[in-house]
>>> print(open('structure37.cif').read())   # mmCIF, C-alpha atoms and all ligand atoms
data_run
#
loop_
_atom_site.label_atom_id
_atom_site.label_comp_id
_atom_site.auth_asym_id
_atom_site.auth_seq_id
_atom_site.Cartn_x
_atom_site.Cartn_y
_atom_site.Cartn_z
CA MET O 1457 0.00 0.00 0.00
CA THR O 1458 1.14 3.55 -0.75
CA ILE O 1459 2.62 5.50 2.16
CA ASN O 1460 0.14 7.90 3.70
CA TYR O 1461 2.21 11.06 3.31
CA LEU O 1462 -0.24 13.12 5.33
CA GLU O 1463 0.08 10.89 8.40
CA ASP O 1464 3.82 10.78 7.91
CA GLN O 1465 4.01 14.59 8.00
CA TYR O 1466 1.57 14.87 10.86
CA CYS O 1467 3.76 12.88 13.25
CA ARG O 1468 6.82 15.07 12.76
CA ASN O 1469 7.97 17.46 15.44
CA SER O 1470 7.50 20.93 14.03
CA LEU O 1471 9.65 24.05 14.39
CA PHE O 1472 6.52 26.11 13.87
CA LEU O 1473 4.38 27.22 16.76
CA ASN O 1474 1.63 27.82 14.26
CA GLU O 1475 2.12 27.94 10.53
CA LYS O 1476 -0.99 30.03 9.96
CA TYR O 1477 1.02 33.17 10.80
CA PHE O 1478 2.95 32.69 7.57
CA GLU O 1479 -0.10 32.31 5.42
CA VAL O 1480 -0.56 35.39 3.34
CA ASN O 1481 -4.29 35.49 3.97
CA TYR O 1482 -3.71 35.74 7.69
CA LEU O 1483 -4.57 39.25 8.82
CA PRO O 1484 -2.41 40.28 11.79
CA ASP O 1485 -4.11 42.25 14.58
CA GLN O 1486 -1.32 44.75 14.22
CA ILE O 1487 -0.57 46.39 10.88
CA LYS O 1488 2.80 48.01 11.23
CA HIS O 1489 4.13 51.11 9.47
CA ARG O 1490 0.87 51.96 7.75
CA GLU O 1491 -0.52 54.26 10.43
CA GLN O 1492 -0.66 57.29 8.09
CA GLU O 1493 -2.66 55.39 5.50
CA LEU O 1494 -5.11 54.14 8.12
CA ILE O 1495 -5.51 57.69 9.45
CA MET O 1496 -6.17 58.91 5.92
CA LEU O 1497 -8.85 56.25 5.33
CA SER O 1498 -10.43 57.18 8.65
CA LYS O 1499 -10.56 60.85 7.65
CA ILE O 1500 -12.19 59.96 4.33
CA PHE O 1501 -14.82 57.69 5.88
CA ILE O 1502 -15.53 59.40 9.21
CA LYS O 1503 -18.74 60.92 7.80
CA LEU O 1504 -20.20 57.43 7.49
CA ILE O 1505 -20.19 57.35 11.28
CA GLU O 1506 -20.90 61.03 11.98
CA THR O 1507 -23.80 61.43 9.54
CA PRO O 1508 -24.88 57.96 8.41
CA PHE O 1509 -26.37 57.53 4.92
CA ARG O 1510 -25.55 61.11 3.97
CA ILE O 1511 -22.48 60.58 1.85
CA SER O 1512 -20.84 58.15 -0.53
CA ARG O 1513 -17.10 57.81 -0.90
CA LYS O 1514 -14.99 56.37 -3.69
CA VAL O 1515 -11.39 55.61 -2.95
CA MET O 1516 -8.64 54.08 -5.00
CA ILE O 1517 -5.71 52.39 -3.29
CA HIS O 1518 -2.71 51.48 -5.35
CA GLY O 1519 0.86 50.31 -4.99
CA ASP O 1520 3.19 47.43 -5.79
CA VAL O 1521 2.67 43.75 -5.04
CA GLY O 1522 2.59 42.58 -1.42
CA ILE O 1523 3.00 45.97 0.26
CA GLY O 1524 -0.14 45.79 2.34
CA LYS O 1525 -2.97 47.16 0.17
CA THR O 1526 -5.33 44.34 1.10
CA ALA O 1527 -4.12 44.17 4.69
CA ILE O 1528 -4.72 47.85 5.45
CA THR O 1529 -8.12 47.82 3.74
CA ARG O 1530 -9.29 44.80 5.72
CA THR O 1531 -7.91 46.32 8.91
CA PHE O 1532 -9.74 49.53 8.18
CA GLY O 1533 -12.89 47.46 7.51
CA ARG O 1534 -12.58 45.97 11.00
CA MET O 1535 -12.24 49.44 12.54
CA LEU O 1536 -15.21 50.76 10.63
CA LEU O 1537 -17.45 47.87 11.68
CA LEU O 1538 -16.44 48.28 15.32
CA SER O 1539 -17.22 52.00 15.29
CA ALA O 1540 -20.52 51.42 13.50
CA LYS O 1541 -21.55 48.68 15.91
CA LYS O 1542 -20.80 50.93 18.89
CA ARG O 1543 -23.34 53.43 17.54
CA ASN O 1544 -25.89 50.99 16.17
CA ILE O 1545 -25.25 52.05 12.58
CA LYS O 1546 -25.96 49.28 10.09
CA ILE O 1547 -22.81 49.17 7.98
CA LYS O 1548 -21.58 46.07 6.17
CA TYR O 1549 -18.13 45.57 4.71
CA VAL O 1550 -17.73 43.26 1.73
CA HIS O 1551 -14.32 42.51 0.22
CA ILE O 1552 -14.24 40.90 -3.22
CA ASN O 1553 -11.11 39.71 -4.99
CA CYS O 1554 -11.58 40.30 -8.72
CA ARG O 1555 -8.76 37.87 -9.50
CA ILE O 1556 -11.11 35.14 -8.25
CA GLU O 1557 -14.46 36.62 -9.29
CA LYS O 1558 -13.36 37.71 -12.72
CA SER O 1559 -16.61 38.85 -14.35
CA ASN O 1560 -19.16 41.54 -13.48
CA PHE O 1561 -21.77 38.85 -12.90
CA LYS O 1562 -19.55 36.79 -10.59
CA ILE O 1563 -18.53 39.84 -8.57
CA LEU O 1564 -22.12 40.95 -8.02
CA ASN O 1565 -23.23 37.41 -7.36
CA GLN O 1566 -20.59 37.12 -4.66
CA VAL O 1567 -21.59 40.47 -3.12
CA LEU O 1568 -25.19 39.24 -2.85
CA ARG O 1569 -24.05 35.94 -1.34
CA LYS O 1570 -21.91 37.64 1.26
CA LEU O 1571 -24.91 39.71 2.27
CA ASN O 1572 -27.04 36.54 2.42
CA ILE O 1573 -29.33 37.79 -0.32
CA PRO O 1574 -30.82 34.79 -2.20
CA VAL O 1575 -29.06 34.62 -5.56
CA PRO O 1576 -30.82 33.47 -8.72
CA ILE O 1577 -28.79 30.86 -10.59
CA ARG O 1578 -29.29 32.17 -14.08
CA GLY O 1579 -31.34 34.41 -16.32
CA PHE O 1580 -30.32 37.69 -14.69
CA SER O 1581 -28.03 40.41 -15.96
CA PRO O 1582 -25.45 42.24 -13.83
CA GLN O 1583 -27.79 45.25 -13.83
CA ASP O 1584 -30.58 43.04 -12.40
CA LEU O 1585 -28.24 41.98 -9.60
CA ILE O 1586 -27.41 45.62 -8.86
CA THR O 1587 -31.13 46.38 -8.61
CA MET O 1588 -31.54 43.45 -6.18
CA LEU O 1589 -28.66 44.78 -4.12
CA GLN O 1590 -30.07 48.27 -4.09
CA ASP O 1591 -33.54 47.05 -3.05
CA TYR O 1592 -32.03 45.03 -0.24
CA LEU O 1593 -29.92 47.90 1.11
CA ILE O 1594 -32.80 50.39 0.97
CA LYS O 1595 -35.36 48.01 2.46
CA ASN O 1596 -33.09 46.99 5.33
CA GLU O 1597 -31.48 50.41 5.80
CA ILE O 1598 -28.01 48.96 5.41
CA TYR O 1599 -24.96 50.89 4.23
CA LEU O 1600 -22.46 48.88 2.22
CA VAL O 1601 -18.74 49.53 1.99
CA LEU O 1602 -17.68 47.45 -0.98
CA VAL O 1603 -14.05 46.71 -1.76
CA LEU O 1604 -13.09 45.54 -5.23
CA ASP O 1605 -9.57 44.20 -4.81
CA GLU O 1606 -7.29 43.56 -7.82
CA LEU O 1607 -9.85 45.36 -9.96
CA ASN O 1608 -7.73 45.15 -13.08
CA HIS O 1609 -8.43 41.40 -13.23
CA ILE O 1610 -12.03 41.95 -14.33
CA GLN O 1611 -12.13 40.33 -17.73
CA ASN O 1612 -14.67 42.48 -19.48
CA PHE O 1613 -13.77 46.02 -18.73
CA ASP O 1614 -14.38 46.89 -22.33
CA THR O 1615 -17.96 45.63 -22.58
CA ASN O 1616 -20.83 48.07 -22.38
CA PHE O 1617 -21.51 47.35 -18.70
CA ASP O 1618 -19.33 49.47 -16.42
CA ILE O 1619 -19.63 47.94 -12.98
CA ILE O 1620 -18.08 50.91 -11.18
CA TYR O 1621 -20.39 53.38 -12.85
CA SER O 1622 -23.45 51.24 -12.21
CA LEU O 1623 -22.56 50.68 -8.56
CA THR O 1624 -21.97 54.34 -7.85
CA ARG O 1625 -25.29 55.21 -9.56
CA MET O 1626 -27.01 53.14 -6.89
CA ASN O 1627 -26.87 56.09 -4.55
CA ASP O 1628 -29.30 58.11 -6.70
CA SER O 1629 -32.29 56.82 -4.80
CA ASP O 1630 -35.51 58.82 -4.36
CA ASN O 1631 -35.09 59.61 -0.69
CA GLY O 1632 -31.70 61.20 -1.21
CA LYS O 1633 -29.96 58.71 1.01
CA ASN O 1634 -26.70 57.02 0.15
CA PHE O 1635 -26.17 53.31 0.57
CA LEU O 1636 -22.80 52.52 -0.89
CA SER O 1637 -19.16 53.53 -0.75
CA LEU O 1638 -16.54 51.93 -2.90
CA ILE O 1639 -12.88 51.16 -2.40
CA VAL O 1640 -10.98 49.81 -5.38
CA ILE O 1641 -7.52 48.35 -5.13
CA VAL O 1642 -5.12 48.11 -8.05
CA ARG O 1643 -1.43 47.55 -8.47
CA ASP O 1644 -1.07 49.83 -11.44
CA ILE O 1645 -3.46 52.66 -12.27
CA THR O 1646 -2.66 52.55 -15.98
CA LEU O 1647 -4.26 49.10 -16.15
CA LEU O 1648 -7.61 50.80 -15.67
CA ARG O 1649 -7.45 52.66 -18.96
CA ASN O 1650 -10.40 50.70 -20.39
CA LEU O 1651 -12.75 52.23 -17.87
CA ASP O 1652 -15.09 55.00 -18.82
CA GLU O 1653 -13.42 58.42 -18.36
CA SER O 1654 -16.01 59.69 -15.93
CA THR O 1655 -15.57 56.52 -13.88
CA ILE O 1656 -11.82 57.05 -13.75
CA SER O 1657 -12.27 60.62 -12.60
CA THR O 1658 -14.79 59.50 -9.96
CA LEU O 1659 -12.26 57.04 -8.61
CA GLN O 1660 -9.41 59.48 -8.75
CA GLY O 1661 -11.08 61.77 -6.22
CA ASN O 1662 -9.36 60.00 -3.35
CA ILE O 1663 -6.19 58.17 -4.20
CA LEU O 1664 -4.07 56.45 -1.62
CA THR O 1665 -0.63 55.54 -2.89
CA LEU O 1666 1.26 53.03 -0.80
CA LYS O 1667 5.02 53.41 -0.73
CA LYS O 1668 7.42 50.50 -0.41
CA TYR O 1669 8.63 49.59 3.05
CA THR O 1670 12.20 50.36 4.10
CA ILE O 1671 14.49 47.48 5.06
CA ASN O 1672 14.01 48.18 8.77
CA GLN O 1673 10.25 48.24 8.38
CA ILE O 1674 10.33 44.90 6.56
CA VAL O 1675 12.45 43.42 9.37
CA ASP O 1676 9.92 44.67 11.88
CA ILE O 1677 6.94 43.21 10.01
CA LEU O 1678 8.64 39.84 9.49
CA ASN O 1679 9.77 39.67 13.12
CA PHE O 1680 6.20 40.13 14.28
CA ARG O 1681 5.19 36.98 12.38
CA ILE O 1682 8.29 35.09 13.48
CA ASP O 1683 7.53 35.79 17.15
CA LYS O 1684 4.03 34.46 16.73
CA GLY O 1685 4.64 31.60 14.35
CA LEU O 1686 8.03 30.04 15.19
CA LYS O 1687 9.56 28.49 18.26
CA LYS O 1688 12.26 30.66 19.83
CA GLY O 1689 15.70 30.84 18.21
CA ILE O 1690 14.79 29.14 14.92
CA ILE O 1691 15.99 32.03 12.79
CA THR O 1692 18.59 34.67 13.72
CA GLU O 1693 18.10 38.41 13.53
CA SER O 1694 20.89 38.70 10.96
CA ASN O 1695 19.13 36.16 8.71
CA VAL O 1696 15.89 38.13 8.97
CA HIS O 1697 17.87 41.19 7.93
CA LEU O 1698 19.29 39.25 5.01
CA ILE O 1699 15.79 38.33 3.84
CA ALA O 1700 14.64 41.94 4.20
CA GLU O 1701 17.57 43.11 2.09
CA LYS O 1702 16.84 40.53 -0.57
CA ILE O 1703 13.21 41.53 -0.91
CA SER O 1704 13.68 45.26 -0.42
CA ASP O 1705 13.68 45.98 -4.17
CA SER O 1706 10.11 44.78 -4.53
CA GLY O 1707 9.12 45.40 -0.89
CA ASP O 1708 6.87 42.35 -1.22
CA ILE O 1709 6.20 41.09 2.33
CA ARG O 1710 4.52 37.99 0.91
CA LYS O 1711 7.85 36.97 -0.61
CA GLY O 1712 9.56 37.38 2.76
CA LEU O 1713 6.93 35.25 4.50
CA ASN O 1714 7.28 32.53 1.88
CA ILE O 1715 11.05 32.50 2.17
CA ILE O 1716 10.88 32.11 5.95
CA ARG O 1717 8.26 29.39 5.79
CA ASN O 1718 10.12 27.44 3.12
CA ALA O 1719 13.47 27.83 4.89
CA VAL O 1720 11.94 26.44 8.08
CA LYS O 1721 10.41 23.53 6.18
CA ILE O 1722 13.72 22.71 4.55
CA THR O 1723 15.35 22.90 8.01
CA GLU O 1724 12.70 20.53 9.38
CA ALA O 1725 13.23 18.14 6.49
CA LYS O 1726 16.94 18.02 7.36
CA ASP O 1727 16.06 17.37 11.02
CA LYS O 1728 17.95 20.50 12.05
CA SER O 1729 16.95 22.83 14.88
CA HIS O 1730 17.55 26.23 13.33
CA VAL O 1731 17.71 27.87 9.92
CA SER O 1732 21.22 28.39 8.57
CA GLY O 1733 22.35 30.46 5.57
CA ASN O 1734 22.28 27.26 3.56
CA GLU O 1735 18.55 26.61 4.04
CA LEU O 1736 17.87 30.28 3.46
CA GLN O 1737 19.65 30.18 0.13
CA ILE O 1738 17.73 27.08 -0.96
CA ALA O 1739 14.45 28.71 0.08
CA PHE O 1740 15.37 31.77 -1.88
CA ASN O 1741 16.22 29.77 -4.98
CA ASN O 1742 13.06 27.74 -4.63
CA LEU O 1743 10.66 30.66 -4.53
CA ILE O 1744 7.83 29.48 -6.70
CA PRO O 1745 6.29 32.20 -8.85
CA SER O 1746 2.77 30.89 -8.46
CA LEU O 1747 3.13 30.47 -4.69
CA GLN O 1748 4.57 33.95 -4.37
CA ASP O 1749 1.46 35.14 -6.02
CA ASP O 1750 -0.55 33.27 -3.46
CA ALA O 1751 -2.28 31.12 -6.04
CA LEU O 1752 -2.90 28.32 -3.52
CA SER O 1753 -4.93 30.47 -1.17
CA ILE O 1754 -7.78 30.75 -3.65
CA LEU O 1755 -8.19 27.01 -4.13
CA THR O 1756 -11.26 25.24 -2.79
CA TYR O 1757 -10.75 22.18 -0.59
CA HIS O 1758 -11.43 19.79 -3.46
CA MET O 1759 -9.10 21.64 -5.82
CA THR O 1760 -6.43 21.42 -3.14
CA LEU O 1761 -7.01 17.68 -2.76
CA LEU O 1762 -6.82 17.23 -6.49
CA LEU O 1763 -3.58 19.15 -6.86
CA TYR O 1764 -2.17 17.29 -3.89
CA VAL O 1765 -3.07 13.98 -5.55
CA ILE O 1766 -1.24 15.04 -8.71
CA THR O 1767 1.91 15.90 -6.75
CA VAL O 1768 1.75 12.58 -4.91
CA LEU O 1769 1.37 10.60 -8.14
CA LEU O 1770 4.17 12.49 -9.87
CA MET O 1771 6.48 11.97 -6.89
CA GLU O 1772 5.61 8.29 -6.49
CA ARG O 1773 6.07 7.47 -10.14
CA LYS O 1774 8.90 9.86 -10.86
CA GLU O 1775 7.13 10.71 -14.08
CA LYS O 1776 6.50 14.06 -15.75
CA ARG O 1777 2.79 13.64 -16.31
CA VAL O 1778 -0.11 11.63 -15.02
CA ILE O 1779 -3.28 10.50 -16.74
CA PHE O 1780 -6.75 11.74 -15.74
CA SER O 1781 -8.15 8.30 -14.85
CA GLU O 1782 -5.32 7.74 -12.35
CA ILE O 1783 -5.83 11.15 -10.80
CA GLN O 1784 -9.51 10.39 -10.35
CA LYS O 1785 -8.80 7.01 -8.78
CA LYS O 1786 -6.25 8.38 -6.34
CA TYR O 1787 -8.47 11.36 -5.54
CA GLU O 1788 -11.31 9.01 -4.64
CA GLU O 1789 -8.96 7.03 -2.38
CA ILE O 1790 -7.88 10.19 -0.58
CA CYS O 1791 -11.49 11.34 -0.22
CA PHE O 1792 -12.34 7.97 1.28
CA LEU O 1793 -9.42 8.30 3.70
CA TYR O 1794 -10.69 11.68 4.88
CA GLN O 1795 -14.36 10.72 4.85
CA GLU O 1796 -15.07 13.24 2.15
CA THR O 1797 -17.63 12.69 -0.60
CA PRO O 1798 -15.66 12.77 -3.86
CA LYS O 1799 -16.85 15.03 -6.65
CA LYS O 1800 -18.22 13.48 -9.82
CA SER O 1801 -16.13 13.11 -12.96
CA THR O 1802 -17.39 16.32 -14.59
CA GLN O 1803 -16.69 18.38 -11.49
CA ILE O 1804 -13.24 16.85 -11.16
CA TRP O 1805 -12.57 17.84 -14.74
CA ASN O 1806 -13.85 21.38 -14.08
CA ASN O 1807 -11.60 21.64 -11.04
CA LEU O 1808 -8.64 20.54 -13.13
CA GLN O 1809 -9.51 23.25 -15.64
CA SER O 1810 -9.51 25.82 -12.81
CA LEU O 1811 -6.10 24.59 -11.68
CA LYS O 1812 -4.96 25.06 -15.25
CA ASN O 1813 -6.45 28.58 -15.37
CA TYR O 1814 -4.56 29.45 -12.21
CA SER O 1815 -1.38 28.29 -14.05
CA LEU O 1816 -0.77 25.56 -11.48
CA ILE O 1817 -0.97 22.62 -13.88
CA LYS O 1818 -0.83 21.92 -17.58
CA ILE O 1819 -3.33 19.66 -19.30
CA LYS O 1820 -2.60 17.93 -22.55
CA THR O 1821 -5.32 15.97 -24.32
CA ILE O 1822 -4.31 13.39 -26.87
CA SER O 1823 -6.92 11.95 -29.21
CA LYS O 1824 -6.43 8.35 -30.17
CA LYS O 1825 -8.70 7.04 -32.88
CA VAL O 1826 -9.20 3.61 -31.35
CA LYS O 1827 -9.09 4.16 -27.59
CA GLY O 1828 -10.60 7.67 -27.41
CA ARG O 1829 -9.22 10.81 -25.80
CA LYS O 1830 -6.67 10.75 -23.01
CA SER O 1831 -5.83 13.75 -20.87
CA TYR O 1832 -2.55 14.14 -19.03
CA CYS O 1833 -1.72 16.59 -16.27
CA SER O 1834 1.72 17.88 -15.46
CA ILE O 1835 3.24 20.46 -13.15
CA ASN O 1836 5.98 22.38 -14.79
CA SER O 1837 8.66 24.62 -13.37
CA ILE O 1838 7.66 24.08 -9.75
CA PRO O 1839 9.70 22.01 -7.28
CA ILE O 1840 7.01 19.38 -6.72
CA ASN O 1841 8.13 18.37 -3.25
CA ILE O 1842 7.71 21.94 -1.99
CA LEU O 1843 4.32 22.24 -3.60
CA ASN O 1844 3.38 18.88 -2.08
CA GLU O 1845 4.36 20.17 1.38
CA GLU O 1846 2.36 23.35 0.91
CA LEU O 1847 -0.73 21.41 -0.08
CA ASN O 1848 -0.24 18.94 2.70
CA GLN O 1849 -0.28 21.81 5.17
CA LYS O 1850 -3.37 23.32 3.61
CA ILE O 1851 -5.23 20.01 3.84
CA ARG O 1852 -4.25 19.67 7.49
CA ASN O 1853 -5.60 23.16 8.09
CA PHE O 1854 -8.85 22.25 6.38
CA LEU O 1855 -9.12 19.05 8.42
CA SER O 1856 -8.44 20.80 11.72
CA THR O 1857 -11.24 23.31 11.16
CA ARG O 1858 -13.81 20.78 9.96
N1 LIG Y 1 2.31 46.66 7.41
C1 LIG Y 1 2.10 45.34 7.52
N2 LIG Y 1 2.05 44.76 8.73
C2 LIG Y 1 1.84 43.43 8.83
N3 LIG Y 1 1.69 42.61 7.79
C3 LIG Y 1 1.75 43.15 6.55
C4 LIG Y 1 1.96 44.53 6.36
N4 LIG Y 1 1.99 44.79 5.03
C5 LIG Y 1 1.81 43.62 4.42
N5 LIG Y 1 1.65 42.64 5.32
C6 LIG Y 1 1.43 41.22 5.04
O1 LIG Y 1 2.04 40.92 3.78
C7 LIG Y 1 1.21 40.07 3.00
C8 LIG Y 1 0.87 40.75 1.69
O2 LIG Y 1 0.09 41.90 1.97
P1 LIG Y 1 -1.20 42.29 1.13
O3 LIG Y 1 -1.91 41.07 0.65
O4 LIG Y 1 -1.97 43.28 1.90
O5 LIG Y 1 -0.47 42.98 -0.11
P2 LIG Y 1 -1.11 43.66 -1.39
O6 LIG Y 1 -0.42 44.97 -1.55
O7 LIG Y 1 -2.59 43.68 -1.28
O8 LIG Y 1 -0.63 42.65 -2.52
P3 LIG Y 1 -1.28 42.31 -3.97
O9 LIG Y 1 -1.01 43.47 -4.85
O10 LIG Y 1 -0.58 41.09 -4.41
O11 LIG Y 1 -2.75 42.07 -3.73
C9 LIG Y 1 0.00 39.77 3.86
O12 LIG Y 1 0.21 38.56 4.56
C10 LIG Y 1 -0.05 40.93 4.84
O13 LIG Y 1 -0.69 40.57 6.05
#
>>> encode(input="structure37.cif", output="structure tokens", more="lines below")
Ligand SMILES: Nc1ncnc2c1ncn2[C@@H]1O[C@H](COP(=O)(O)OP(=O)(O)OP(=O)(O)O)[C@@H](O)[C@H]1O
Amino acid sequence: MTINYLEDQYCRNSLFLNEKYFEVNYLPDQIKHREQELIMLSKIFIKLIETPFRISRKVMIHGDVGIGKTAITRTFGRMLLLSAKKRNIKIKYVHINCRIEKSNFKILNQVLRKLNIPVPIRGFSPQDLITMLQDYLIKNEIYLVLVLDELNHIQNFDTNFDIIYSLTRMNDSDNGKNFLSLIVIVRDITLLRNLDESTISTLQGNILTLKKYTINQIVDILNFRIDKGLKKGIITESNVHLIAEKISDSGDIRKGLNIIRNAVKITEAKDKSHVSGNELQIAFNNLIPSLQDDALSILTYHMTLLLYVITVLLMERKEKRVIFSEIQKKYEEICFLYQETPKKSTQIWNNLQSLKNYSLIKIKTISKKVKGRKSYCSINSIPINILNEELNQKIRNFLSTR
């Protein structure tokens, strides 16, 4: 019987106190070195608390990858909700990632879901969904602060439905009240050039530009996670400084977190007790582009299982690709092991397509006249063992919260 790699990993003695502190989706209670930006957001939105339903704000936040755009917005969302709750003001905060919900319809659908508004499956246009949203907010006297993160990933900017324009129009209701404020987050403003000019000028009213962190600030931010997530003495201060220097060009904190996590995993795999320059160098060389970009965090549980199964099969067989039927068989075995109902063939195939769309796997279909079509999956340019470890950890996280 095949080794149960999950159980094998589970029994190891970890150098982590809790690996969740290195997950990029983890939102620390303390956002360091972004006080000015948080003060600015508070100044822009204070009227929502002082004179509820009177105003609508549109804000654009932009800056390079991994420098805290999402983190400060979510943190500000927390503050806003706390202040609103204290004064019994009905404000809701909804954060949508447009890299995941790529179309106008999907974005609006997700907004409705997050507000627990029953969503029709099909037959409705984005404008219909906006009307539903508007009706709901007016009827329930709820103010919505909507964040569209990674806005430039919307696929159909150039169609005749401008989601930003339509959302901001929502405030033109008969009773003169406002029900929506919008925060959009982009890396690069020029990517928005397909938007309607008046929409761009609306958004440009309040622009918050995030600067890169200095080396000392990066050290500080990384140390905060290290204190929470690692046992004492696993990584030295000078090594943290080294990481900060290496990533200071981009200022991407996510990269720093990934390097630390990978270096610790490599150290664990070598049964060593602290990270040396050697492990750090390997971790640096192994930085996986897709993982840097946090592609794994958007996977559903079953997509994660599926990708994990592919890594296991590729590692077991030492082959470059694996056929669909074998993936399905192994996936069903793993589901059985974790008392999970496996998805049907069509859904498995759809999940594989999503993995392909996220650039995590490649799929090659070969048509053979006699035996029919065969599809092969491969994982290129990623150290599979590291990916396998990442997925393993994610599955354990899923299992522990079930
Ligand atoms: N000032 C900070 N204090 C603590 N953690 C931070 C800070 N800035 C960034 N981080 C952490 O770095 C990681 C990346 O940050 P975040 O996702 O906010 O970046 P981003 O600018 O939105 O990136 P992207 O453009 O890729 O969406 C997250 O784990 C976040 O918690």
>>> residues_around(input="structure37.cif", residues="Leu1686 in chain O", least_positions_apart="3", cutoff="12 Å", atoms="only C-alpha atoms", output="list in words")
Ser1470, Leu1471, Phe1472, Leu1473, Asn1474, Glu1475, Lys1476, Tyr1477, Phe1478, Leu1678, Asn1679, Phe1680, Arg1681, Ile1682, Asp1683, Gly1689, Ile1690, Ile1691, Thr1692, Leu1713, Ile1716, Arg1717, Ala1719, Val1720, Lys1721, Ser1729, His1730 and Val1731 of chain O
>>> closest_atom_pairs(input="structure37.cif", of="chain O", to="ligand LIG 1 (chain Y)", cutoff="7 Å", atoms="only C-alpha atoms and all ligand atoms", output="CSV")
residue,atom,partner,partner_atom,distance
O:Glu1479,CA,Y:LIG1,O12,6.3
O:Val1480,CA,Y:LIG1,O12,3.5
O:Asn1481,CA,Y:LIG1,O12,5.5
O:Tyr1482,CA,Y:LIG1,O12,5.8
O:Leu1483,CA,Y:LIG1,O13,4.9
O:Pro1484,CA,Y:LIG1,O13,6.0
O:Gln1486,CA,Y:LIG1,C2,6.4
O:Ile1487,CA,Y:LIG1,N2,3.8
O:Lys1488,CA,Y:LIG1,N1,4.1
O:His1489,CA,Y:LIG1,N1,5.2
O:Arg1490,CA,Y:LIG1,N1,5.5
O:Gly1519,CA,Y:LIG1,O6,6.5
O:Asp1520,CA,Y:LIG1,O9,5.8
O:Val1521,CA,Y:LIG1,O9,3.7
O:Gly1522,CA,Y:LIG1,O5,3.4
O:Ile1523,CA,Y:LIG1,O6,4.0
O:Gly1524,CA,Y:LIG1,O4,3.1
O:Lys1525,CA,Y:LIG1,O6,3.8
O:Thr1526,CA,Y:LIG1,O4,3.6
O:Ala1527,CA,Y:LIG1,O4,3.6
O:Ile1528,CA,Y:LIG1,O4,6.4
O:Glu1606,CA,Y:LIG1,O11,6.3
O:Val1642,CA,Y:LIG1,O9,7.0
O:Arg1643,CA,Y:LIG1,O9,5.5
O:Ile1677,CA,Y:LIG1,C2,5.2
O:Asp1708,CA,Y:LIG1,C8,6.9
O:Ile1709,CA,Y:LIG1,O1,4.4
O:Arg1710,CA,Y:LIG1,C7,4.4
O:Asp1749,CA,Y:LIG1,O10,6.5
>>> closest_residue(input="structure37.cif", among="O:Leu1743, O:Ile1556, O:Leu1808, O:Ile1594", to="Ile1783 in chain O", atoms="only C-alpha atoms")
O:Leu1808
>>> atom_distance(input="structure37.cif", atom1="CA of Pro1582 in chain O", atom2="CA of Ile1620 in chain O")
11.7 Å
>>> residues_around(input="structure37.cif", residues="His1697 in chain O", least_positions_apart="3", cutoff="8 Å", atoms="only C-alpha atoms", output="short mmCIF file (atom, residue, chain, number, x, y, z; two decimals) with C-alpha atoms, in the frame of the given file")
data_model
loop_
_atom_site.label_atom_id
_atom_site.label_comp_id
_atom_site.auth_asym_id
_atom_site.auth_seq_id
_atom_site.Cartn_x
_atom_site.Cartn_y
_atom_site.Cartn_z
CA ILE O 1671 14.49 47.48 5.06
CA VAL O 1675 12.45 43.42 9.37
CA GLU O 1693 18.10 38.41 13.53
CA SER O 1694 20.89 38.70 10.96
CA ALA O 1700 14.64 41.94 4.20
CA GLU O 1701 17.57 43.11 2.09
#
>>> residues_near_point(input="structure37.cif", point="(-27.9, 48.3, 3.1)", cutoff="12 Å", atoms="only C-alpha atoms", output="PyMOL selection string")
chain O and resi 1508-1509+1545-1550+1567-1568+1571-1573+1588-1602+1626-1627+1633-1637
>>> atom_distance(input="structure37.cif", atom1="CA of Ile1563 in chain O", atom2="CA of His1609 in chain O")
11.2 Å
>>> residues_around(input="structure37.cif", residues="range 1768-1778 of chain O", least_positions_apart="2", cutoff="10 Å", atoms="only C-alpha atoms", output="PyMOL selection string")
chain O and resi 1458-1461+1762-1766+1780-1783+1786+1818-1820+1831-1836+1840-1841+1844
>>> closest_residue(input="structure37.cif", among="O:Asn1806, O:Gly1712, O:Leu1847, O:Thr1507", to="Ala1540 in chain O", atoms="all atoms listed in the file")
O:Thr1507
>>> closest_residue(input="structure37.cif", among="O:Thr1723, O:Thr1658, O:Ser1512, O:Ser1704", to="Gly1632 in chain O", atoms="all atoms listed in the file")
O:Ser1512
>>> build_atoms(input="structure37.cif", residues="range 1475-1479 of chain O", atoms="N, CA and C atoms", output="PDB file, keeping the file's coordinate frame")
ATOM      1  N   GLU O1475       1.741  27.518  11.875  1.00  0.00           N
ATOM      2  CA  GLU O1475       2.120  27.940  10.530  1.00  0.00           C
ATOM      3  C   GLU O1475       1.174  28.969   9.941  1.00  0.00           C
ATOM      4  N   LYS O1476      -0.001  29.093  10.540  1.00  0.00           N
ATOM      5  CA  LYS O1476      -0.990  30.030   9.960  1.00  0.00           C
ATOM      6  C   LYS O1476      -0.451  31.475   9.896  1.00  0.00           C
ATOM      7  N   TYR O1477       0.493  31.805  10.796  1.00  0.00           N
ATOM      8  CA  TYR O1477       1.020  33.170  10.800  1.00  0.00           C
ATOM      9  C   TYR O1477       1.857  33.486   9.562  1.00  0.00           C
ATOM     10  N   PHE O1478       2.185  32.452   8.794  1.00  0.00           N
ATOM     11  CA  PHE O1478       2.950  32.690   7.570  1.00  0.00           C
ATOM     12  C   PHE O1478       2.074  32.603   6.330  1.00  0.00           C
ATOM     13  N   GLU O1479       0.810  32.335   6.563  1.00  0.00           N
ATOM     14  CA  GLU O1479      -0.100  32.310   5.420  1.00  0.00           C
ATOM     15  C   GLU O1479      -0.422  33.742   5.043  1.00  0.00           C
TER      16      GLU O1479
END
